[in-house]
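Q: Below you'll find protein_39.csv; it's CSV, C-alpha atoms.
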```csv
chain,number,residue,atom,x,y,z
A,1321,MET,CA,-35.3,11.0,23.6
A,1322,ARG,CA,-32.3,12.5,21.8
A,1323,ARG,CA,-30.4,9.9,19.8
A,1324,CYS,CA,-26.8,9.2,20.7
A,1325,LEU,CA,-24.5,11.1,18.4
A,1326,HIS,CA,-21.8,8.4,18.5
A,1327,SER,CA,-21.5,6.1,15.6
A,1328,THR,CA,-23.2,2.7,15.9
A,1329,ARG,CA,-20.4,1.0,14.2
A,1330,ASN,CA,-18.4,-1.3,16.4
A,1331,LYS,CA,-15.3,0.4,17.7
A,1332,MET,CA,-11.9,-1.0,16.8
A,1333,PRO,CA,-10.0,-2.3,19.8
A,1334,ALA,CA,-7.3,0.2,20.7
A,1335,PRO,CA,-4.4,-2.2,20.1
A,1336,SER,CA,-5.6,-2.8,16.6
A,1337,LEU,CA,-6.1,0.9,15.9
A,1338,LEU,CA,-2.5,1.6,17.0
A,1339,GLN,CA,-1.2,-1.3,14.9
A,1340,LEU,CA,-2.9,0.1,11.8
A,1341,MET,CA,-1.5,3.6,12.6
A,1342,TRP,CA,1.9,2.0,12.9
A,1343,LEU,CA,1.6,0.2,9.6
A,1344,ALA,CA,0.6,3.5,7.9
A,1345,SER,CA,3.5,5.5,9.5
A,1346,PRO,CA,6.0,7.1,7.1
A,1347,ALA,CA,8.6,6.2,9.8
A,1348,LEU,CA,8.2,2.5,9.0
A,1349,PRO,CA,11.7,1.3,7.8
A,1350,ILE,CA,10.6,-0.1,4.5
A,1351,GLY,CA,12.0,2.5,2.1
A,1352,GLY,CA,8.7,4.0,0.9
A,1353,PHE,CA,10.1,7.5,1.1
A,1354,SER,CA,12.6,6.7,-1.7
A,1355,TYR,CA,9.9,6.1,-4.4
A,1356,SER,CA,7.8,8.6,-6.4
A,1357,GLU,CA,6.1,6.0,-8.7
A,1358,GLY,CA,6.6,8.0,-11.9
A,1359,LEU,CA,5.8,11.4,-10.4
A,1360,GLU,CA,9.4,12.6,-10.6
A,1361,ALA,CA,9.5,11.7,-14.3
A,1362,GLY,CA,6.3,13.7,-14.8
A,1363,VAL,CA,7.9,16.7,-13.2
A,1364,ASP,CA,11.0,16.2,-15.4
A,1365,HIS,CA,8.7,16.2,-18.5
A,1366,SER,CA,6.8,19.3,-17.2
A,1367,SER,CA,3.4,17.4,-17.1
A,1368,ILE,CA,3.4,17.9,-13.4
A,1369,HIS,CA,4.4,21.4,-12.5
A,1370,GLY,CA,2.4,22.8,-9.7
A,1371,PHE,CA,-0.4,22.2,-7.2
A,1372,GLU,CA,-3.3,21.5,-9.6
A,1373,SER,CA,-1.4,19.1,-11.9
A,1374,ALA,CA,0.2,17.3,-8.9
A,1375,ASN,CA,-3.2,17.0,-7.3
A,1376,ASN,CA,-4.9,15.7,-10.4
A,1377,TRP,CA,-2.1,13.2,-11.1
A,1378,LEU,CA,-2.3,11.7,-7.6
A,1379,GLU,CA,-6.1,11.6,-7.6
A,1380,ASP,CA,-6.0,9.7,-10.9
A,1381,GLN,CA,-3.3,7.4,-9.6
A,1382,LEU,CA,-5.4,6.6,-6.5
A,1383,GLN,CA,-8.5,5.9,-8.6
A,1384,LEU,CA,-7.0,4.2,-11.7
A,1385,SER,CA,-4.1,2.3,-10.2
A,1386,LEU,CA,-4.3,1.8,-6.4
A,1387,ALA,CA,-8.0,1.2,-6.2
A,1388,ARG,CA,-8.2,-1.2,-9.2
A,1389,ALA,CA,-5.1,-3.2,-8.3
A,1390,ASP,CA,-3.2,-3.0,-5.0
A,1391,LEU,CA,-6.1,-2.4,-2.7
A,1392,GLY,CA,-8.0,-5.3,-4.2
A,1393,VAL,CA,-5.0,-7.6,-3.7
A,1394,VAL,CA,-4.6,-6.5,-0.1
A,1395,ALA,CA,-8.3,-7.2,0.6
A,1396,LYS,CA,-8.1,-10.7,-0.8
A,1397,ALA,CA,-4.7,-11.4,0.8
A,1398,ILE,CA,-5.9,-10.5,4.3
A,1399,GLY,CA,-8.6,-13.1,4.2
A,1400,ALA,CA,-6.2,-15.6,2.7
A,1401,TRP,CA,-3.7,-15.1,5.5
A,1402,ARG,CA,-6.4,-15.5,8.1
A,1403,ARG,CA,-7.6,-18.8,6.8
A,1404,SER,CA,-4.2,-20.2,5.9
A,1405,ASP,CA,-4.9,-20.3,2.2
A,1406,TRP,CA,-1.3,-20.6,1.0
A,1407,HIS,CA,-2.2,-21.3,-2.6
A,1408,ARG,CA,-4.3,-18.1,-2.7
A,1409,ILE,CA,-1.5,-16.1,-1.2
A,1410,GLU,CA,0.9,-17.3,-3.8
A,1411,GLU,CA,-1.6,-16.6,-6.5
A,1412,LEU,CA,-2.0,-13.0,-5.4
A,1413,ASN,CA,1.7,-12.5,-5.0
A,1414,ASP,CA,2.3,-13.8,-8.5
A,1415,TRP,CA,-0.3,-11.5,-9.9
A,1416,MET,CA,1.5,-8.5,-8.3
A,1417,LEU,CA,4.8,-9.6,-9.8
A,1418,GLN,CA,3.4,-10.1,-13.2
A,1419,THR,CA,1.5,-6.8,-13.4
A,1420,ARG,CA,4.4,-4.4,-12.5
A,1421,GLU,CA,4.9,-2.8,-15.9
A,1422,THR,CA,8.5,-1.6,-15.5
A,1423,ASN,CA,11.6,-2.9,-13.9
A,1424,GLU,CA,11.7,-0.2,-11.3
A,1425,LEU,CA,8.1,-0.7,-10.2
A,1426,LEU,CA,8.8,-4.4,-9.8
A,1427,LEU,CA,11.9,-3.7,-7.8
A,1428,GLN,CA,9.9,-1.3,-5.6
A,1429,THR,CA,7.2,-3.8,-4.6
A,1430,VAL,CA,9.7,-6.5,-3.9
A,1431,GLN,CA,12.1,-4.4,-2.0
A,1432,MET,CA,9.3,-2.9,0.2
A,1433,GLY,CA,7.8,-6.4,0.6
A,1434,ARG,CA,11.1,-7.9,1.8
A,1435,SER,CA,11.7,-4.9,4.2
A,1436,MET,CA,8.2,-5.1,5.5
A,1437,LEU,CA,8.4,-8.9,6.1
A,1438,ASP,CA,11.8,-8.5,7.9
A,1439,TRP,CA,10.4,-5.7,10.1
A,1440,TRP,CA,7.1,-7.5,10.9
A,1441,ARG,CA,8.8,-10.8,12.0
A,1442,LYS,CA,10.8,-8.9,14.6
A,1443,GLN,CA,7.8,-7.0,16.2
A,1444,ASP,CA,6.8,-8.5,19.5
A,1445,SER,CA,4.0,-5.9,19.7
A,1446,PHE,CA,2.0,-7.7,17.1
A,1447,HIS,CA,1.9,-10.8,19.3
A,1448,LEU,CA,-0.5,-8.9,21.6
A,1449,SER,CA,-3.4,-9.3,19.2
A,1450,ASN,CA,-5.4,-12.5,18.7
A,1451,ILE,CA,-3.0,-13.6,16.0
A,1452,PRO,CA,-3.8,-17.0,14.5
A,1453,ASN,CA,-1.4,-19.8,15.4
A,1454,GLN,CA,-0.3,-20.2,11.8
A,1455,LEU,CA,0.7,-16.6,11.6
A,1456,LYS,CA,2.7,-16.9,14.8
A,1457,ASN,CA,4.6,-19.7,13.1
A,1458,VAL,CA,5.3,-17.5,10.1
A,1459,GLN,CA,6.5,-14.8,12.5
A,1460,GLN,CA,8.5,-16.9,14.8
A,1461,ASN,CA,9.9,-19.8,12.8
A,1462,GLU,CA,11.1,-19.5,9.2
A,1463,ASP,CA,10.9,-23.3,8.8
A,1464,ASP,CA,7.1,-23.0,9.1
A,1465,PHE,CA,6.8,-20.3,6.4
A,1466,HIS,CA,5.0,-22.3,3.8
A,1467,LEU,CA,5.6,-19.9,0.9
A,1468,VAL,CA,9.2,-20.4,-0.1
A,1469,SER,CA,8.6,-18.3,-3.3
A,1470,LEU,CA,7.2,-15.5,-1.2
A,1471,ILE,CA,10.3,-15.3,0.8
A,1472,HIS,CA,12.4,-14.7,-2.3
A,1473,SER,CA,10.0,-12.3,-4.1
A,1474,PRO,CA,7.4,-11.0,-1.6
A,1475,THR,CA,5.4,-8.1,-2.8
A,1476,TYR,CA,4.5,-5.2,-0.6
A,1477,PRO,CA,0.7,-5.5,-0.8
A,1478,VAL,CA,0.8,-9.2,0.1
A,1479,VAL,CA,3.2,-8.7,3.1
A,1480,PHE,CA,1.2,-5.6,4.3
A,1481,ALA,CA,-1.8,-7.9,4.3
A,1482,LEU,CA,0.1,-10.4,6.4
A,1483,ALA,CA,0.8,-7.7,9.0
A,1484,ALA,CA,-2.8,-6.4,8.8
A,1485,ALA,CA,-4.2,-9.9,9.2
A,1486,ALA,CA,-2.4,-10.2,12.5
A,1487,THR,CA,-4.6,-7.4,13.9
A,1488,ASN,CA,-8.3,-7.5,15.0
A,1489,ALA,CA,-9.1,-4.8,12.5
A,1490,ASP,CA,-11.7,-5.4,9.8
A,1491,ILE,CA,-10.6,-5.4,6.2
A,1492,ARG,CA,-12.0,-2.0,5.4
A,1493,ASP,CA,-9.9,-0.4,8.1
A,1494,CYS,CA,-6.8,-2.2,6.9
A,1495,LEU,CA,-7.3,-1.0,3.4
A,1496,THR,CA,-7.9,2.6,4.6
A,1497,SER,CA,-4.5,2.3,6.5
A,1498,TYR,CA,-2.8,1.1,3.3
A,1499,ALA,CA,-4.3,3.8,1.1
A,1500,PHE,CA,-3.5,6.6,3.6
A,1501,ALA,CA,0.1,5.4,3.9
A,1502,TRP,CA,0.4,5.5,0.1
A,1503,SER,CA,-1.2,8.9,-0.1
A,1504,GLU,CA,1.1,10.4,2.5
A,1505,ASN,CA,4.2,9.0,0.9
A,1506,MET,CA,3.2,10.3,-2.6
A,1507,VAL,CA,2.4,13.7,-1.2
A,1508,GLN,CA,5.8,14.0,0.4
A,1509,ALA,CA,7.3,13.0,-2.9
A,1510,ALA,CA,5.4,15.7,-4.6
A,1511,VAL,CA,6.4,18.3,-2.0
A,1512,ARG,CA,10.1,17.5,-2.7
A,1513,ALA,CA,10.0,16.9,-6.5
A,1514,VAL,CA,7.5,19.5,-7.9
A,1515,PRO,CA,8.3,21.3,-5.5
A,1516,LEU,CA,5.3,22.2,-3.4
A,1517,GLY,CA,4.9,24.0,-0.1
A,1518,GLN,CA,3.8,22.1,2.9
A,1519,THR,CA,0.4,23.8,2.9
A,1520,ASP,CA,-0.3,22.7,-0.7
A,1521,GLY,CA,0.9,19.2,0.2
A,1522,GLN,CA,-1.6,19.1,3.0
A,1523,ARG,CA,-4.3,20.3,0.7
A,1524,ILE,CA,-3.6,17.4,-1.7
A,1525,LEU,CA,-3.5,15.0,1.2
A,1526,ALA,CA,-6.9,16.2,2.3
A,1527,ASN,CA,-8.3,15.7,-1.2
A,1528,LEU,CA,-6.9,12.2,-1.4
A,1529,SER,CA,-8.2,11.4,2.1
A,1530,ALA,CA,-11.7,12.4,1.1
A,1531,GLN,CA,-11.6,9.9,-1.8
A,1532,ILE,CA,-10.1,7.0,0.1
A,1533,PRO,CA,-13.3,5.6,1.6
A,1534,ALA,CA,-15.0,5.3,-1.8
A,1535,ALA,CA,-11.9,3.8,-3.3
A,1536,VAL,CA,-11.7,1.2,-0.5
A,1537,ASP,CA,-15.3,0.3,-1.0
A,1538,ARG,CA,-14.8,-0.3,-4.7
A,1539,SER,CA,-11.7,-2.3,-4.2
A,1540,MET,CA,-13.5,-4.6,-1.8
A,1541,GLN,CA,-16.1,-5.4,-4.4
A,1542,LEU,CA,-13.7,-6.4,-7.1
A,1543,MET,CA,-13.8,-9.9,-8.5
A,1544,ASP,CA,-10.5,-11.3,-9.6
A,1545,SER,CA,-11.5,-10.9,-13.2
A,1546,GLU,CA,-12.2,-7.1,-12.6
A,1547,ARG,CA,-8.8,-6.4,-11.0
A,1548,GLN,CA,-6.5,-4.7,-13.4
A,1549,ALA,CA,-3.1,-2.9,-13.6
A,1550,PHE,CA,-3.4,-0.8,-16.7
A,1551,SER,CA,-2.0,2.7,-16.4
A,1552,PRO,CA,-0.2,3.5,-19.7
A,1553,MET,CA,1.1,6.9,-18.8
A,1554,LEU,CA,2.4,5.7,-15.5
A,1555,ALA,CA,4.2,2.9,-17.2
A,1556,ILE,CA,5.7,5.3,-19.8
A,1557,LEU,CA,6.9,7.8,-17.2
A,1558,SER,CA,8.3,5.0,-15.1
A,1559,SER,CA,10.2,3.6,-18.1
A,1560,GLN,CA,11.6,7.1,-18.8
A,1561,HIS,CA,12.5,7.6,-15.2
A,1562,GLU,CA,14.7,4.5,-15.3
A,1563,ALA,CA,17.0,6.3,-17.7
A,1564,GLN,CA,16.5,9.8,-16.3
A,1565,TYR,CA,19.8,11.7,-16.0
A,1566,SER,CA,19.3,13.3,-12.6
A,1567,ARG,CA,16.8,12.1,-10.0
A,1568,LEU,CA,15.9,12.1,-6.3
A,1569,PHE,CA,13.8,8.9,-6.2
A,1570,ARG,CA,14.3,5.3,-7.1
A,1571,SER,CA,11.0,5.1,-9.1
```
Will you turn the file into structure tokens for me?

A:
Amino acid sequence: MRRCLHSTRNKMPAPSLLQLMWLASPALPIGGFSYSEGLEAGVDHSSIHGFESANNWLEDQLQLSLARADLGVVAKAIGAWRRSDWHRIEELNDWMLQTRETNELLLQTVQMGRSMLDWWRKQDSFHLSNIPNQLKNVQQNEDDFHLVSLIHSPTYPVVFALAAAATNADIRDCLTSYAFAWSENMVQAAVRAVPLGQTDGQRILANLSAQIPAAVDRSMQLMDSERQAFSPMLAILSSQHEAQYSRLFRS
């Protein structure tokens, strides 16, 4: 008998799939389009000047920065939100705040975190999932939001994890959504800043997409002691970008 060609993996419920697509959308009003994460400074210093250099830069950033830091935080934070581990959530949020190596990178993660939190709390559509009662309280009643410090300085990965935790999606799918959202935003930044044509931009996005599953798998296996935010050239370019004379992006 011929074996079924369909995957044996459990299918994600349609509402959860749509919610993850929504969270990855560049139309999400969180300001992601206004950041290049040092890429614009690389263009200004001529280290990023065309398809190949832009592609290599973003592949390195995915592997050396996103996979070793942000994705690992999102993975841990989703579980923490789902089990109401407030201390763990605060700990992860503090780690993100402490490891942003420049002022503009810190401002980026806090601004996007605040915007994501404000957007998510207003979305009735996320009530359709089997959202835990404690997350309903977070969404509906600010008096029940246990993390006062998180309200003042929420970081984007931790708040994304909150929204993702409210879905029925597994952690791997949530991380894939986060990584693709980052990739699409960075490719669009490269298209505008390098500049690149749309076709070259899509080629870079295809290359990043092919590497996302392995990056996600690695990030899910990270212990706290293995998570790191050490990207010297990114930090240098971001520092230079803060004083750059003419720029399109906020980072």

Q: Counting all atoms listed in the file, which residues of segment 1342-1382 of chain A sit at most 12 Å from some atom of segment 1388-1408 of chain A, and what is each one's closest atom pair with its distance in Å to one decimal, listed by chain and rising residue number, as CSV?

A:
```
residue,atom,partner,partner_atom,distance
A:Asp1380,CA,A:Arg1388,CA,11.2
A:Gln1381,CA,A:Arg1388,CA,9.9
A:Leu1382,CA,A:Arg1388,CA,8.7
```

Q: Please report the interatomic distance between atom CA of Ser1336 of chain A and atom CA of Gly1521 of chain A in Å with one decimal.

A: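 Going from atom CA of Ser1336 of chain A over to atom CA of Gly1521 of chain A covers 28.2 Å.
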
Q: So the first atom is atom CA of His1369 of chain A and the second is atom CA of Pro1515 of chain A; what is the distance between them in Å, to one decimal place?

A: 8.0 Å

Q: Nearest to Val1430 of chain A among A:Leu1378, A:Ile1491, A:Gly1352, A:Met1506, with distances taken over only C-alpha atoms: which residue is it?

A: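 The closest residue to Val1430 of chain A is A:Gly1352.
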
Q: What's the separation between atom CA of Ala1534 of chain A and atom CA of Gln1383 of chain A, in Å to one decimal place?

A: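 Spanning atom CA of Ala1534 of chain A to atom CA of Gln1383 of chain A is a straight-line distance of 9.4 Å.
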
Q: Do a neighbour search on segment 1526-1529 of chain A at 7 Å with all atoms listed in the file, toss out local chain neighbours closer than 4 positions, and write the hits as a ChimeraX atom specification.

A: /A:1379,1500,1503,1522

Q: How big is the axis-aligned box around all listed atoms of segment 1517-1532 of chain A once 5 Å goes on each side, and where's its centre, in Å to one decimal, as lines of an AutoDock Vina configuration file?

A:
```
center_x = -3.4
center_y = 15.5
center_z = 0.6
size_x = 26.6
size_y = 27.0
size_z = 14.8
```

Q: Go through A:Ala1530, A:Ala1535, A:Leu1437, A:Ala1489 and flag the residue nearest Lys1331 of chain A, using only C-alpha atoms for the distances.

A: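 Of the candidates, the smallest distance to Lys1331 of chain A is held by A:Ala1489.
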
Q: Which residue gives the smallest distance to Ala1347 of chain A among A:Val1514, A:Leu1525, A:Leu1425, A:Ala1501, with all atoms listed in the file counted?

A: A:Ala1501

Q: Would you kindly return, as a PDB file with C-alpha atoms, in the coordinates of the input, each protein, DNA or RNA residue with an atom no farther than 10 Å from any atom of Ile1556 of chain A, considering all atoms listed in the file and excluding same-chain residues fewer than 6 positions away?

A:
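File produced: out19.pdb:
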```
ATOM      1  CA  GLY A1358       6.600   8.000 -11.900  1.00  0.00           C
ATOM      2  CA  ALA A1361       9.500  11.700 -14.300  1.00  0.00           C
ATOM      3  CA  GLY A1362       6.300  13.700 -14.800  1.00  0.00           C
ATOM      4  CA  GLU A1421       4.900  -2.800 -15.900  1.00  0.00           C
ATOM      5  CA  THR A1422       8.500  -1.600 -15.500  1.00  0.00           C
TER       6      THR A1422
END
```

Q: Pick from A:Val1363, A:Leu1337, A:Leu1495, A:Met1432: nearest to Ser1558 of chain A, with all atoms listed in the file counted?

A: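 Closest candidate: A:Val1363.
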
Q: I'd like to know which of A:Pro1533, A:Pro1552, A:Pro1477, A:Pro1333 is closest to Gln1428 of chain A, using only C-alpha atoms.

A: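 Among the listed residues, A:Pro1477 lies closest to Gln1428 of chain A.
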
Q: Smallest atom-to-atom distance to Ser1345 of chain A: which of A:Asp1493, A:Asp1438, A:Glu1504, A:Asp1414, using all atoms listed in the file?

A: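 Of A:Asp1493, A:Asp1438, A:Glu1504, A:Asp1414, the one nearest Ser1345 of chain A is A:Glu1504, counting all atoms listed in the file.
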
Q: Residues around (7.3, 19.5, -4.9), cut-off 9 Å, counting all atoms listed in the file - what are they as a PDB file with C-alpha atoms, in the frame of the given file?

A:
```
ATOM      1  CA  VAL A1363       7.900  16.700 -13.200  1.00  0.00           C
ATOM      2  CA  HIS A1369       4.400  21.400 -12.500  1.00  0.00           C
ATOM      3  CA  GLY A1370       2.400  22.800  -9.700  1.00  0.00           C
ATOM      4  CA  PHE A1371      -0.400  22.200  -7.200  1.00  0.00           C
ATOM      5  CA  ALA A1374       0.200  17.300  -8.900  1.00  0.00           C
ATOM      6  CA  VAL A1507       2.400  13.700  -1.200  1.00  0.00           C
ATOM      7  CA  GLN A1508       5.800  14.000   0.400  1.00  0.00           C
ATOM      8  CA  ALA A1509       7.300  13.000  -2.900  1.00  0.00           C
ATOM      9  CA  ALA A1510       5.400  15.700  -4.600  1.00  0.00           C
ATOM     10  CA  VAL A1511       6.400  18.300  -2.000  1.00  0.00           C
ATOM     11  CA  ARG A1512      10.100  17.500  -2.700  1.00  0.00           C
ATOM     12  CA  ALA A1513      10.000  16.900  -6.500  1.00  0.00           C
ATOM     13  CA  VAL A1514       7.500  19.500  -7.900  1.00  0.00           C
ATOM     14  CA  PRO A1515       8.300  21.300  -5.500  1.00  0.00           C
ATOM     15  CA  LEU A1516       5.300  22.200  -3.400  1.00  0.00           C
ATOM     16  CA  GLY A1517       4.900  24.000  -0.100  1.00  0.00           C
ATOM     17  CA  GLN A1518       3.800  22.100   2.900  1.00  0.00           C
ATOM     18  CA  GLY A1521       0.900  19.200   0.200  1.00  0.00           C
TER      19      GLY A1521
END
```
